[in-house]
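Q: Below you'll find the structure I mean.
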Amino acid sequence: MTKKDFFRILIKFFGLYLITQLVYSFISGISYLFLYLDDLFYLISFISPIVLSGFIAWVLIFKTDQIIKILRLTKNYDSAEIKLGNVNSSAFIKIGLVIIASFLLFTSIAPFLRNTILSFKASIQKDNMLDEFLTTFDLIKVDYIEWIVSGINIVLGYLILTNFDRISKWFFKEKVEVKKNEIDQF
């Protein structure tokens with residue numbers, strides 16, 4: 001693996017992380033968007049960070065070679081290769097995807113189950129004096145936004161975990177197409 005491949009993988013991971021954060025902020029912000037639909041300042045403050053983050057994520061994922069050239073990340077090293085034995089860049093992508101998917105699953109299961117149980121409890125018990133007392137202090141209130149976001153995180157984590165091989169091939173699809181075009185020119 002060359003140093004350029006290492007930086008390419010690292011930059012694409014930052015792009016993938018930014019996309020996951022973009023999804024979270026979009027889902028949490030869309031619920032408030034309907035409340036302040038007539039407020040132009042809120043619309044601009046909601047849409048502009050999402051567009052900017054989406055653009056940065058697109059650049060990080062699809063324009064990694066240009067970023068490496070602009071920042072001169074491959075200059076001034078003693079050797080051009082990183083010796084890792086049998087580990088290639090595809091293995092790094094797979095390991096990173098498994099870590100990201102596991103993080104999504106493990107951090108989302110507890111809030112999802114808690115909100116599911118609270119919602120189920122609220123639908124069964126309607127006239128309990130203790131529940132009214134606890135609800136006034138926000139101790140057992142169902143957070144629907146957190147419930148939806150954690151459910152989406154579980155689905156996303158599951159999809160990444162079951163399809164990490166396809167996703168890793170997608171990351172290197174652009175690199176393979178460039179090499180095929182170079183071969184066709186000769």
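So you can find residues: chains in the structure tokens are A, B, ... in the order shown, residues in each start at 1, and ligands are numbered from 1 in order.
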Which neighbours of stretch 64-78 of chain A fall inside 12 Å, counting only C-alpha atoms, when residues of the same chain fewer than 3 positions from it are skipped, and could you give them as number ranges by chain?

A: A: 2-15, 56-61, 81-82, 171-172, 174-175, 178

Q: Restricted to C-alpha atoms, what would the selected residues look like written as a compact mmCIF listing (two decimals), in the first residue's frame?

A:
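Wrote again_35.txt, looks like this:
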# COMPACT_ATOMS: atom_id res chain seq x y z
CA THR A 2 1.34 3.39 -0.94
CA LYS A 3 1.10 6.51 1.17
CA LYS A 4 -1.30 7.95 -1.40
CA ASP A 5 -3.64 4.97 -0.95
CA PHE A 6 -3.50 5.41 2.81
CA PHE A 7 -4.42 9.10 2.61
CA ARG A 8 -7.12 8.29 0.05
CA ILE A 9 -8.72 5.82 2.47
CA LEU A 10 -8.43 8.24 5.38
CA ILE A 11 -10.05 11.10 3.46
CA LYS A 12 -12.89 8.86 2.24
CA PHE A 13 -13.55 7.76 5.82
CA PHE A 14 -13.92 11.38 6.86
CA GLY A 15 -16.38 11.84 3.99
CA ILE A 56 -17.75 18.80 1.51
CA ALA A 57 -18.68 15.10 1.80
CA TRP A 58 -18.92 14.84 -2.00
CA VAL A 59 -15.50 16.44 -2.39
CA LEU A 60 -13.97 14.19 0.27
CA ILE A 61 -15.33 11.02 -1.31
CA GLU A 81 5.12 2.42 0.42
CA ILE A 82 3.69 1.32 3.73
CA PHE A 171 -14.98 3.01 -3.00
CA PHE A 172 -12.37 1.58 -5.37
CA GLU A 174 -13.32 5.08 -9.47
CA LYS A 175 -9.68 4.02 -9.09
CA VAL A 178 -8.91 5.32 -14.13

Q: For stretch 95-101 of chain A, find every residue with an atom within 7 Å (counting only C-alpha atoms), except residues of its own chain fewer than 6 positions away, and show them as number ranges by chain.

A: A: 157-158, 160-161, 164

Q: If you keep C-alpha atoms, can you produce a file of those selected residues as a CSV table (one decimal), in the first residue's frame?

A:
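The resulting file, selection14.csv, is reproduced below:
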chain,number,residue,atom,x,y,z
A,157,GLY,CA,-25.8,-0.1,10.6
A,158,TYR,CA,-27.4,-3.4,9.6
A,160,ILE,CA,-23.6,-1.4,6.2
A,161,LEU,CA,-22.7,-4.5,8.2
A,164,PHE,CA,-19.6,-3.9,3.6
